file run-v7.tsv (TSV, C-alpha atoms)
chain	number	residue	atom	x	y	z
M	1	LEU	CA	23.10	-6.59	-40.31
M	2	GLU	CA	21.12	-6.96	-37.09
M	3	THR	CA	22.65	-6.07	-33.76
M	4	THR	CA	21.59	-7.64	-30.49
M	5	PRO	CA	20.04	-5.05	-28.19
M	6	SER	CA	21.76	-4.67	-24.85
M	7	ILE	CA	21.18	-3.09	-21.47
M	8	ASP	CA	23.69	-2.01	-18.87
M	9	PHE	CA	22.87	-3.44	-15.47
M	10	TYR	CA	24.28	-1.00	-12.90
M	11	PHE	CA	24.38	-2.56	-9.48
M	12	PHE	CA	25.82	-1.99	-6.03
M	13	ILE	CA	26.44	-4.80	-3.56
M	14	GLY	CA	24.67	-3.64	-0.43
M	15	SER	CA	21.44	-2.72	-2.17
M	16	THR	CA	18.73	-5.05	-0.95
M	17	TYR	CA	16.39	-5.16	-3.96
M	18	THR	CA	19.40	-5.88	-6.16
M	19	TYR	CA	19.18	-9.45	-4.82
M	20	LEU	CA	16.16	-10.06	-7.05
M	21	SER	CA	17.81	-8.69	-10.19
M	22	VAL	CA	21.08	-10.51	-9.59
M	23	LEU	CA	19.16	-13.79	-9.55
M	24	ARG	CA	16.73	-13.14	-12.37
M	25	ALA	CA	17.99	-10.43	-14.77
M	26	GLU	CA	20.21	-12.66	-16.89
M	27	ASP	CA	17.47	-15.22	-17.59
M	28	ALA	CA	14.91	-12.49	-18.27
M	29	ALA	CA	17.31	-10.73	-20.64
M	30	ARG	CA	18.12	-13.93	-22.50
M	31	ASP	CA	14.41	-14.73	-22.88
M	32	ALA	CA	13.89	-11.25	-24.34
M	33	GLY	CA	16.87	-11.56	-26.68
M	34	VAL	CA	18.79	-8.82	-24.90
M	35	MET	CA	22.45	-8.85	-23.87
M	36	LEU	CA	22.96	-7.93	-20.20
M	37	LYS	CA	26.16	-6.08	-19.30
M	38	TRP	CA	27.12	-6.19	-15.62
M	39	ARG	CA	28.23	-2.77	-14.38
M	40	PRO	CA	29.34	-2.57	-10.75
M	41	PHE	CA	29.44	0.99	-9.40
M	42	PHE	CA	29.80	2.53	-5.96
M	43	LEU	CA	26.32	3.81	-5.22
M	44	ARG	CA	27.18	4.83	-1.67
M	45	ASP	CA	29.08	7.88	-2.97
M	46	ILE	CA	26.07	9.01	-5.02
M	47	LEU	CA	23.67	8.49	-2.11
M	48	ALA	CA	25.95	10.57	0.13
M	49	GLU	CA	25.98	13.42	-2.41
M	50	MET	CA	22.17	13.39	-2.46
M	51	ASP	CA	22.03	13.09	1.35
M	52	ASN	CA	19.85	10.05	0.65
M	53	SER	CA	19.66	7.37	3.34
M	54	PRO	CA	16.90	5.17	2.02
M	55	PHE	CA	16.28	3.34	5.29
M	56	VAL	CA	18.33	4.93	8.10
M	57	GLY	CA	15.94	6.51	10.64
M	58	LYS	CA	12.94	5.20	8.69
M	59	PRO	CA	11.89	2.06	10.56
M	60	ALA	CA	8.46	1.74	8.90
M	61	LYS	CA	10.01	2.07	5.46
M	62	ARG	CA	12.75	-0.41	6.35
M	63	SER	CA	10.45	-3.09	7.68
M	64	TYR	CA	8.19	-2.61	4.66
M	65	MET	CA	11.20	-3.10	2.39
M	66	TRP	CA	11.94	-6.55	3.83
M	67	ARG	CA	8.30	-7.55	3.58
M	68	ASP	CA	8.08	-6.24	0.01
M	69	LEU	CA	11.24	-8.16	-0.90
M	70	GLU	CA	9.59	-11.29	0.47
M	71	HIS	CA	6.49	-10.59	-1.64
M	72	ARG	CA	8.55	-9.98	-4.78
M	73	ALA	CA	10.73	-13.04	-4.26
M	74	ALA	CA	7.58	-15.17	-3.98
M	75	LEU	CA	6.18	-13.65	-7.17
M	76	HIS	CA	9.38	-14.60	-9.00
M	77	GLY	CA	9.77	-18.01	-7.38
M	78	LEU	CA	12.99	-16.99	-5.63
M	79	ARG	CA	14.03	-17.99	-2.13
M	80	PHE	CA	13.84	-15.47	0.68
M	81	GLU	CA	14.85	-16.45	4.20
M	82	GLY	CA	14.23	-13.26	6.14
M	83	ALA	CA	16.37	-10.14	6.37
M	84	PRO	CA	20.07	-10.76	5.61
M	85	PRO	CA	22.89	-8.85	7.33
M	86	TYR	CA	22.38	-5.16	6.60
M	87	PRO	CA	24.08	-2.74	6.01
M	88	VAL	CA	27.12	-4.49	4.57
M	89	ASP	CA	30.50	-3.94	2.89
M	90	PRO	CA	31.65	-0.96	4.98
M	91	GLN	CA	35.04	-0.80	3.23
M	92	GLY	CA	33.73	-1.46	-0.28
M	93	VAL	CA	35.76	-4.68	-0.67
M	94	ALA	CA	32.86	-6.73	-2.07
M	95	ASN	CA	32.16	-4.03	-4.65
M	96	ARG	CA	35.82	-3.68	-5.62
M	97	VAL	CA	36.04	-7.45	-6.11
M	98	ALA	CA	33.01	-7.11	-8.40
M	99	HIS	CA	35.01	-4.65	-10.49
M	100	VAL	CA	37.92	-7.11	-10.64
M	101	ALA	CA	35.53	-9.88	-11.61
M	102	ALA	CA	33.91	-7.72	-14.31
M	103	THR	CA	37.34	-7.02	-15.79
M	104	HIS	CA	38.08	-10.75	-15.95
M	105	GLY	CA	34.74	-12.11	-17.09
M	106	TRP	CA	33.36	-13.73	-13.93
M	107	CYS	CA	31.21	-10.90	-12.60
M	108	ALA	CA	27.80	-12.57	-12.92
M	109	GLU	CA	28.79	-15.73	-11.09
M	110	TYR	CA	30.62	-13.74	-8.39
M	111	VAL	CA	27.71	-11.41	-7.68
M	112	ARG	CA	25.24	-14.27	-7.61
M	113	ALA	CA	27.45	-16.12	-5.12
M	114	VAL	CA	27.78	-13.02	-2.93
M	115	TYR	CA	24.04	-12.37	-2.89
M	116	ARG	CA	23.12	-16.00	-2.33
M	117	GLY	CA	25.65	-16.18	0.50
M	118	GLY	CA	24.31	-12.96	2.00
M	119	PHE	CA	20.60	-13.63	1.70
M	120	LEU	CA	20.47	-17.38	2.18
M	121	GLU	CA	23.43	-18.12	4.48
M	122	LYS	CA	23.62	-14.69	6.15
M	123	ASN	CA	27.26	-14.10	5.27
M	124	PRO	CA	27.89	-10.34	5.23
M	125	PRO	CA	29.44	-9.14	1.95
M	126	GLY	CA	32.71	-7.46	2.90
M	127	ASP	CA	33.44	-9.91	5.72
M	128	PRO	CA	37.09	-11.01	5.26
M	129	GLY	CA	36.39	-14.74	5.51
M	130	PHE	CA	33.44	-14.59	3.12
M	131	MET	CA	35.47	-12.47	0.71
M	132	ARG	CA	38.07	-15.25	0.54
M	133	THR	CA	35.55	-18.06	0.23
M	134	VAL	CA	33.60	-16.69	-2.71
M	135	PRO	CA	36.50	-16.40	-5.22
M	136	GLU	CA	37.79	-19.76	-4.02
M	137	THR	CA	34.49	-21.53	-4.75
M	138	LEU	CA	34.65	-19.96	-8.23
M	139	GLY	CA	38.14	-21.36	-8.84
M	140	ARG	CA	39.97	-18.06	-8.36
M	141	ASP	CA	42.93	-17.42	-6.09
M	142	PRO	CA	41.57	-15.35	-3.19
M	143	ALA	CA	44.89	-13.71	-2.33
M	144	SER	CA	45.48	-12.31	-5.79
M	145	VAL	CA	41.84	-11.30	-6.21
M	146	LEU	CA	41.90	-9.39	-2.92
M	147	GLU	CA	45.26	-7.82	-3.73
M	148	ALA	CA	43.87	-6.60	-7.06
M	149	ALA	CA	40.72	-5.33	-5.32
M	150	ASP	CA	42.91	-3.24	-3.02
M	151	SER	CA	44.95	-1.69	-5.85
M	152	ASP	CA	44.79	1.93	-6.95
M	153	GLY	CA	43.87	0.82	-10.45
M	154	VAL	CA	40.76	-0.99	-9.30
M	155	ARG	CA	39.78	1.80	-6.92
M	156	SER	CA	39.99	4.35	-9.70
M	157	GLY	CA	38.35	1.99	-12.19
M	158	LEU	CA	35.32	1.59	-9.92
M	159	ALA	CA	35.26	5.36	-9.36
M	160	ARG	CA	35.19	5.89	-13.15
M	161	ARG	CA	32.21	3.53	-13.42
M	162	THR	CA	30.52	5.51	-10.66
M	163	ASP	CA	31.17	8.77	-12.56
M	164	GLU	CA	29.70	7.16	-15.65
M	165	ALA	CA	26.58	6.10	-13.71
M	166	ARG	CA	26.22	9.60	-12.25
M	167	ARG	CA	26.45	11.17	-15.72
M	168	LEU	CA	23.72	8.83	-16.97
M	169	GLY	CA	21.44	9.95	-14.13
M	170	VAL	CA	21.69	6.73	-12.12
M	171	PHE	CA	20.96	7.28	-8.42
M	172	GLY	CA	19.98	3.81	-7.19
M	173	SER	CA	20.53	0.08	-7.58
M	174	PRO	CA	19.56	-1.86	-9.57
M	175	SER	CA	19.40	0.44	-12.58
M	176	PHE	CA	18.98	-0.74	-16.15
M	177	VAL	CA	20.24	1.66	-18.80
M	178	CYS	CA	19.36	1.52	-22.51
M	179	GLY	CA	21.09	4.35	-24.31
M	180	SER	CA	20.06	7.46	-22.40
M	181	GLU	CA	17.02	5.80	-20.79
M	182	VAL	CA	17.27	4.76	-17.15
M	183	PHE	CA	15.00	2.24	-15.42
M	184	TRP	CA	15.42	2.09	-11.65
M	185	GLY	CA	14.44	-0.89	-9.54
M	186	ASP	CA	14.07	-4.61	-9.99
M	187	ASP	CA	10.40	-3.96	-10.71
M	188	ARG	CA	11.39	-1.99	-13.82
M	189	LEU	CA	13.43	-4.81	-15.39
M	190	GLU	CA	10.62	-5.89	-17.71
M	191	GLU	CA	10.13	-2.28	-18.84
M	192	ALA	CA	13.83	-1.93	-19.57
M	193	LEU	CA	13.77	-5.09	-21.67
M	194	ALA	CA	10.66	-3.85	-23.49
M	195	TRP	CA	12.45	-0.57	-24.16
M	196	ALA	CA	15.57	-2.31	-25.45
M	197	THR	CA	13.51	-4.38	-27.89
M	198	GLY	CA	11.27	-1.52	-29.06
M	199	ARG	CA	8.13	-2.79	-27.31
M	200	HIS	CA	7.69	-0.05	-24.65
M	201	PRO	CA	4.67	2.14	-25.40
M	202	ALA	CA	6.49	5.31	-24.27
M	203	ARG	CA	9.29	4.72	-26.80
M	204	SER	CA	8.68	6.99	-29.74
S	1	LEU	CA	-22.34	-15.76	3.45
S	2	GLU	CA	-19.59	-14.35	1.26
S	3	THR	CA	-18.09	-10.96	1.98
S	4	THR	CA	-16.61	-8.75	-0.71
S	5	PRO	CA	-12.87	-8.28	-0.12
S	6	SER	CA	-11.79	-4.67	0.30
S	7	ILE	CA	-8.63	-2.61	0.35
S	8	ASP	CA	-8.00	0.76	1.94
S	9	PHE	CA	-6.48	3.20	-0.52
S	10	TYR	CA	-4.42	5.65	1.54
S	11	PHE	CA	-3.49	8.68	-0.52
S	12	PHE	CA	-2.06	12.15	-0.15
S	13	ILE	CA	-2.72	14.93	-2.64
S	14	GLY	CA	0.75	16.17	-3.50
S	15	SER	CA	2.20	12.73	-4.15
S	16	THR	CA	3.09	12.47	-7.82
S	17	TYR	CA	2.70	8.73	-8.44
S	18	THR	CA	-0.71	8.89	-6.77
S	19	TYR	CA	-1.95	10.39	-10.04
S	20	LEU	CA	-1.79	6.95	-11.65
S	21	SER	CA	-3.68	5.22	-8.84
S	22	VAL	CA	-6.34	7.91	-8.61
S	23	LEU	CA	-7.14	7.35	-12.27
S	24	ARG	CA	-6.93	3.57	-12.40
S	25	ALA	CA	-7.38	1.99	-8.95
S	26	GLU	CA	-11.18	1.99	-8.93
S	27	ASP	CA	-11.49	0.23	-12.29
S	28	ALA	CA	-8.77	-2.26	-11.38
S	29	ALA	CA	-10.44	-3.01	-8.06
S	30	ARG	CA	-13.84	-3.46	-9.66
S	31	ASP	CA	-12.37	-5.83	-12.26
S	32	ALA	CA	-10.82	-7.85	-9.43
S	33	GLY	CA	-14.04	-7.91	-7.42
S	34	VAL	CA	-12.54	-5.80	-4.63
S	35	MET	CA	-14.11	-2.83	-2.86
S	36	LEU	CA	-11.82	0.23	-2.79
S	37	LYS	CA	-12.08	2.54	0.23
S	38	TRP	CA	-10.66	6.04	-0.27
S	39	ARG	CA	-8.60	7.12	2.74
S	40	PRO	CA	-7.09	10.60	2.58
S	41	PHE	CA	-4.28	11.15	5.09
S	42	PHE	CA	-1.67	13.83	5.65
S	43	LEU	CA	1.53	12.15	4.51
S	44	ARG	CA	3.61	15.31	4.89
S	45	ASP	CA	3.59	14.90	8.69
S	46	ILE	CA	4.85	11.31	8.42
S	47	LEU	CA	7.57	12.27	5.94
S	48	ALA	CA	8.73	15.05	8.26
S	49	GLU	CA	8.98	12.61	11.19
S	50	MET	CA	11.16	10.31	9.05
S	51	ASP	CA	13.19	13.28	7.77
S	52	ASN	CA	12.27	11.93	4.34
S	53	SER	CA	12.29	14.39	1.43
S	54	PRO	CA	11.86	12.06	-1.53
S	55	PHE	CA	12.97	14.59	-4.15
S	56	VAL	CA	14.29	17.77	-2.47
S	57	GLY	CA	18.02	18.10	-3.20
S	58	LYS	CA	17.90	14.99	-5.40
S	59	PRO	CA	17.71	16.36	-8.98
S	60	ALA	CA	18.59	13.07	-10.71
S	61	LYS	CA	15.93	11.23	-8.69
S	62	ARG	CA	13.38	13.94	-9.35
S	63	SER	CA	13.88	14.07	-13.11
S	64	TYR	CA	13.80	10.28	-13.21
S	65	MET	CA	10.49	10.35	-11.32
S	66	TRP	CA	8.82	12.47	-14.02
S	67	ARG	CA	10.20	10.28	-16.77
S	68	ASP	CA	9.12	7.13	-14.94
S	69	LEU	CA	5.63	8.58	-14.46
S	70	GLU	CA	5.52	9.20	-18.21
S	71	HIS	CA	6.55	5.59	-18.84
S	72	ARG	CA	3.96	4.23	-16.42
S	73	ALA	CA	1.17	6.43	-17.74
S	74	ALA	CA	1.90	5.14	-21.26
S	75	LEU	CA	1.84	1.54	-20.02
S	76	HIS	CA	-1.62	2.13	-18.51
S	77	GLY	CA	-2.96	4.18	-21.40
S	78	LEU	CA	-3.25	7.32	-19.24
S	79	ARG	CA	-2.49	10.86	-20.35
S	80	PHE	CA	0.68	12.56	-19.20
S	81	GLU	CA	1.47	16.10	-20.29
S	82	GLY	CA	4.80	16.73	-18.62
S	83	ALA	CA	5.53	17.68	-15.03
S	84	PRO	CA	2.60	19.37	-13.25
S	85	PRO	CA	3.03	22.10	-10.60
S	86	TYR	CA	5.11	20.61	-7.78
S	87	PRO	CA	5.21	20.75	-4.79
S	88	VAL	CA	1.61	21.70	-4.10
S	89	ASP	CA	-0.97	22.28	-1.35
S	90	PRO	CA	1.30	24.12	1.11
S	91	GLN	CA	-1.56	24.72	3.59
S	92	GLY	CA	-3.13	21.28	3.21
S	93	VAL	CA	-6.45	22.69	1.91
S	94	ALA	CA	-6.76	20.21	-0.96
S	95	ASN	CA	-6.19	17.32	1.44
S	96	ARG	CA	-8.64	18.66	4.01
S	97	VAL	CA	-11.28	19.02	1.29
S	98	ALA	CA	-10.60	15.35	0.44
S	99	HIS	CA	-11.47	14.49	4.04
S	100	VAL	CA	-14.70	16.49	3.76
S	101	ALA	CA	-15.51	14.76	0.48
S	102	ALA	CA	-14.78	11.32	1.97
S	103	THR	CA	-17.18	12.07	4.82
S	104	HIS	CA	-19.91	12.98	2.35
S	105	GLY	CA	-19.40	10.31	-0.30
S	106	TRP	CA	-17.82	12.27	-3.17
S	107	CYS	CA	-14.14	11.59	-2.49
S	108	ALA	CA	-13.32	9.58	-5.62
S	109	GLU	CA	-14.74	12.13	-8.03
S	110	TYR	CA	-13.13	15.02	-6.13
S	111	VAL	CA	-9.66	13.49	-6.09
S	112	ARG	CA	-9.88	12.55	-9.76
S	113	ALA	CA	-10.88	16.13	-10.61
S	114	VAL	CA	-8.01	17.54	-8.54
S	115	TYR	CA	-5.41	15.25	-10.12
S	116	ARG	CA	-6.72	15.74	-13.65
S	117	GLY	CA	-6.72	19.51	-13.11
S	118	GLY	CA	-3.21	19.38	-11.69
S	119	PHE	CA	-1.59	17.06	-14.21
S	120	LEU	CA	-3.47	17.96	-17.37
S	121	GLU	CA	-4.36	21.63	-16.89
S	122	LYS	CA	-1.51	22.52	-14.52
S	123	ASN	CA	-3.78	23.89	-11.78
S	124	PRO	CA	-1.93	23.64	-8.45
S	125	PRO	CA	-3.96	21.76	-5.81
S	126	GLY	CA	-4.33	24.17	-2.89
S	127	ASP	CA	-4.64	27.22	-5.16
S	128	PRO	CA	-7.67	29.18	-3.85
S	129	GLY	CA	-9.35	29.57	-7.25
S	130	PHE	CA	-8.86	25.92	-8.17
S	131	MET	CA	-10.12	24.86	-4.74
S	132	ARG	CA	-13.39	26.72	-5.44
S	133	THR	CA	-13.75	25.45	-9.00
S	134	VAL	CA	-13.46	21.74	-8.24
S	135	PRO	CA	-16.36	21.43	-5.76
S	136	GLU	CA	-18.42	23.69	-8.00
S	137	THR	CA	-17.98	21.45	-11.05
S	138	LEU	CA	-19.07	18.54	-8.82
S	139	GLY	CA	-22.27	20.35	-7.84
S	140	ARG	CA	-21.11	21.26	-4.31
S	141	ASP	CA	-21.20	24.71	-2.75
S	142	PRO	CA	-17.55	25.88	-2.62
S	143	ALA	CA	-18.04	28.24	0.32
S	144	SER	CA	-19.49	25.64	2.65
S	145	VAL	CA	-16.99	22.99	1.52
S	146	LEU	CA	-14.07	25.32	2.21
S	147	GLU	CA	-15.54	26.40	5.52
S	148	ALA	CA	-15.87	22.76	6.57
S	149	ALA	CA	-12.32	22.06	5.38
S	150	ASP	CA	-11.06	24.84	7.66
S	151	SER	CA	-12.91	23.56	10.74
S	152	ASP	CA	-11.28	22.01	13.80
S	153	GLY	CA	-13.37	18.87	13.31
S	154	VAL	CA	-11.99	18.24	9.83
S	155	ARG	CA	-8.44	19.09	10.89
S	156	SER	CA	-8.59	16.61	13.74
S	157	GLY	CA	-10.42	14.05	11.58
S	158	LEU	CA	-7.63	14.12	9.01
S	159	ALA	CA	-5.05	13.91	11.80
S	160	ARG	CA	-6.81	10.78	13.14
S	161	ARG	CA	-6.64	9.21	9.68
S	162	THR	CA	-2.94	10.06	9.60
S	163	ASP	CA	-2.44	8.41	13.00
S	164	GLU	CA	-4.26	5.36	11.72
S	165	ALA	CA	-1.99	5.23	8.64
S	166	ARG	CA	1.11	5.59	10.83
S	167	ARG	CA	-0.03	2.73	13.06
S	168	LEU	CA	-0.54	0.52	10.02
S	169	GLY	CA	3.05	1.23	8.91
S	170	VAL	CA	2.10	3.48	5.99
S	171	PHE	CA	4.92	5.88	5.07
S	172	GLY	CA	4.12	6.85	1.46
S	173	SER	CA	1.35	7.46	-1.07
S	174	PRO	CA	-0.33	5.65	-2.63
S	175	SER	CA	-0.54	2.78	-0.13
S	176	PHE	CA	-2.98	-0.08	-0.38
S	177	VAL	CA	-3.78	-1.82	2.88
S	178	CYS	CA	-5.42	-5.24	3.22
S	179	GLY	CA	-5.76	-6.10	6.91
S	180	SER	CA	-2.25	-5.71	8.29
S	181	GLU	CA	-0.56	-5.98	4.88
S	182	VAL	CA	0.70	-2.77	3.25
S	183	PHE	CA	1.50	-2.34	-0.44
S	184	TRP	CA	3.25	0.91	-1.28
S	185	GLY	CA	3.24	2.48	-4.72
S	186	ASP	CA	1.01	2.51	-7.75
S	187	ASP	CA	3.13	-0.34	-9.10
S	188	ARG	CA	1.98	-2.53	-6.21
S	189	LEU	CA	-1.75	-2.10	-6.89
S	190	GLU	CA	-2.04	-5.42	-8.72
S	191	GLU	CA	-0.25	-7.19	-5.85
S	192	ALA	CA	-2.61	-5.64	-3.32
S	193	LEU	CA	-5.62	-6.82	-5.32
S	194	ALA	CA	-4.09	-10.29	-5.61
S	195	TRP	CA	-3.57	-10.29	-1.84
S	196	ALA	CA	-7.13	-9.18	-1.15
S	197	THR	CA	-8.50	-11.99	-3.31
S	198	GLY	CA	-6.16	-14.71	-2.00
S	199	ARG	CA	-4.11	-14.97	-5.19
S	200	HIS	CA	-0.77	-13.58	-3.97
S	201	PRO	CA	1.89	-16.33	-3.73
S	202	ALA	CA	3.33	-14.86	-0.51
S	203	ARG	CA	-0.03	-15.12	1.23
S	204	SER	CA	0.01	-18.16	3.45
call {"tool": "encode", "arguments": {"input": "run-v7.tsv", "output": "structure tokens"}}
result
Amino acid sequence: LETTPSIDFYFFIGSTYTYLSVLRAEDAARDAGVMLKWRPFFLRDILAEMDNSPFVGKPAKRSYMWRDLEHRAALHGLRFEGAPPYPVDPQGVANRVAHVAATHGWCAEYVRAVYRGGFLEKNPPGDPGFMRTVPETLGRDPASVLEAADSDGVRSGLARRTDEARRLGVFGSPSFVCGSEVFWGDDRLEEALAWATGRHPARS
Amino acid sequence: LETTPSIDFYFFIGSTYTYLSVLRAEDAARDAGVMLKWRPFFLRDILAEMDNSPFVGKPAKRSYMWRDLEHRAALHGLRFEGAPPYPVDPQGVANRVAHVAATHGWCAEYVRAVYRGGFLEKNPPGDPGFMRTVPETLGRDPASVLEAADSDGVRSGLARRTDEARRLGVFGSPSFVCGSEVFWGDDRLEEALAWATGRHPARS
């Protein structure tokens, strides 16, 4: 009886480097024979607890981040059209819709559409119009999706996922979790897949 | 007339990930046909200006950092013996000695000895005894090295290097600079070498 290895892909819409993972993690996981589980969580709460503002008040670090994203996108053959709207999703709507989508099996396609819209068409995740358009293009009824996203059940469901991430030691997005092992950053995706399939040299 | 491509390796003793680059950057650069120039600078001043404390008050991020270092060391076949003393070099002595060593052509061997001593034998860089031992083992007179490191000329020389780093947009260690292009982090070393040799896909 063999079981397919899996990794939990914890992500937060609003993280910039998450763009790369959203577009490439599923293919990379499939090629490695690993099942990818999409786990939206609300990173902003964890960042606030750590008093961690990765880019606020750090102009050199912020402009480097956009340039580095451009480098990394080129390395992976992904489009990059300059800095997208940032920061985004002030009310958390885009992330709560991700939780709704994860519950109903359309998380991957939703998050890809949100990131493509944000990075390539400069639509800010969280913007009311954009938040109606995305479910619609995926064949979902925007009104009921947004009503669900505003419900107490979804708010507390996303908070539980955030608690789960915190307990695992997750403090950034994207994070790839295999058992108790955390890999932070799109540039650690290959390591996470190597870990999940027993090929990482640090895995005893 | 061909010129050898070069990269400037900006580093700060006290940065944890810099351990990896100190041990592997010179070999990697040589293999790529790139000249590596060792550029000590005083990152702590730049971090303070950005109000950036990468790990203070961030226990999950800090414990991840040690684990990630262990992963990365294993991937590169480098020793890792658990967390070394941290933070280190409160007075900046170890970094000022690096400036002295860079001026006199023994920077690479000095910084390797400091990092090996710190990570493998748990000697804190900046510790007075350790700061005498390292130059001694490299055949330098500790008293005159430490006297030079305490001089106004060396203090202002290191400050000029720090200004230079700031102007280039450097905000962390290790950073690899090719012309106006900055690559931050040991995990960007291969990209920096690819850039320097015209093989990076984002280089127009």
call {"tool": "interface_residues", "arguments": {"input": "run-v7.tsv", "of": "chain S", "to": "chain M", "cutoff": "6 Å", "atoms": "all atoms listed in the file", "output": "mmCIF file with C-alpha atoms, keeping the file's coordinate frame"}}
result
data_model
loop_
_atom_site.group_PDB
_atom_site.id
_atom_site.type_symbol
_atom_site.label_atom_id
_atom_site.label_comp_id
_atom_site.auth_asym_id
_atom_site.auth_seq_id
_atom_site.Cartn_x
_atom_site.Cartn_y
_atom_site.Cartn_z
ATOM 1 C CA MET S 50 11.160 10.310 9.050
ATOM 2 C CA LYS S 58 17.900 14.990 -5.400
ATOM 3 C CA ALA S 60 18.590 13.070 -10.710
ATOM 4 C CA HIS S 71 6.550 5.590 -18.840
ATOM 5 C CA ALA S 74 1.900 5.140 -21.260
ATOM 6 C CA GLY S 169 3.050 1.230 8.910
ATOM 7 C CA PRO S 201 1.890 -16.330 -3.730
ATOM 8 C CA ALA S 202 3.330 -14.860 -0.510
#
call {"tool": "atom_distance", "arguments": {"input": "run-v7.tsv", "atom1": "atom CA of M:Val93", "atom2": "atom CA of M:Gly14"}}
result
11.1 Å
call {"tool": "closest_residue", "arguments": {"input": "run-v7.tsv", "among": "S:Val114, S:Val100, S:Leu23, S:Val34", "to": "S:Ser6", "atoms": "all atoms listed in the file"}}
result
S:Val34
call {"tool": "closest_residue", "arguments": {"input": "run-v7.tsv", "among": "M:Val97, M:Thr18, M:Glu81, M:Thr3", "to": "M:Ala149", "atoms": "all atoms listed in the file"}}
result
M:Val97
call {"tool": "atom_distance", "arguments": {"input": "run-v7.tsv", "atom1": "atom CA of M:Val22", "atom2": "atom CA of S:Leu193"}}
result
27.3 Å
call {"tool": "atom_distance", "arguments": {"input": "run-v7.tsv", "atom1": "atom CA of M:Asn95", "atom2": "atom CA of M:Asp31"}}
result
27.6 Å
call {"tool": "residues_around", "arguments": {"input": "run-v7.tsv", "residues": "M:Pro87", "least_positions_apart": "2", "cutoff": "12 Å", "atoms": "only C-alpha atoms", "output": "compact mmCIF listing (two decimals) with C-alpha atoms, in the coordinates of the input"}}
result
# COMPACT_ATOMS: atom_id res chain seq x y z
CA ILE M 13 26.44 -4.80 -3.56
CA GLY M 14 24.67 -3.64 -0.43
CA SER M 15 21.44 -2.72 -2.17
CA THR M 16 18.73 -5.05 -0.95
CA ARG M 44 27.18 4.83 -1.67
CA SER M 53 19.66 7.37 3.34
CA PRO M 54 16.90 5.17 2.02
CA PHE M 55 16.28 3.34 5.29
CA VAL M 56 18.33 4.93 8.10
CA ARG M 62 12.75 -0.41 6.35
CA ALA M 83 16.37 -10.14 6.37
CA PRO M 84 20.07 -10.76 5.61
CA PRO M 85 22.89 -8.85 7.33
CA ASP M 89 30.50 -3.94 2.89
CA PRO M 90 31.65 -0.96 4.98
CA GLN M 91 35.04 -0.80 3.23
CA GLY M 92 33.73 -1.46 -0.28
CA GLY M 118 24.31 -12.96 2.00
CA LYS M 122 23.62 -14.69 6.15
CA ASN M 123 27.26 -14.10 5.27
CA PRO M 124 27.89 -10.34 5.23
CA PRO M 125 29.44 -9.14 1.95
CA GLY M 126 32.71 -7.46 2.90
CA ASP M 127 33.44 -9.91 5.72
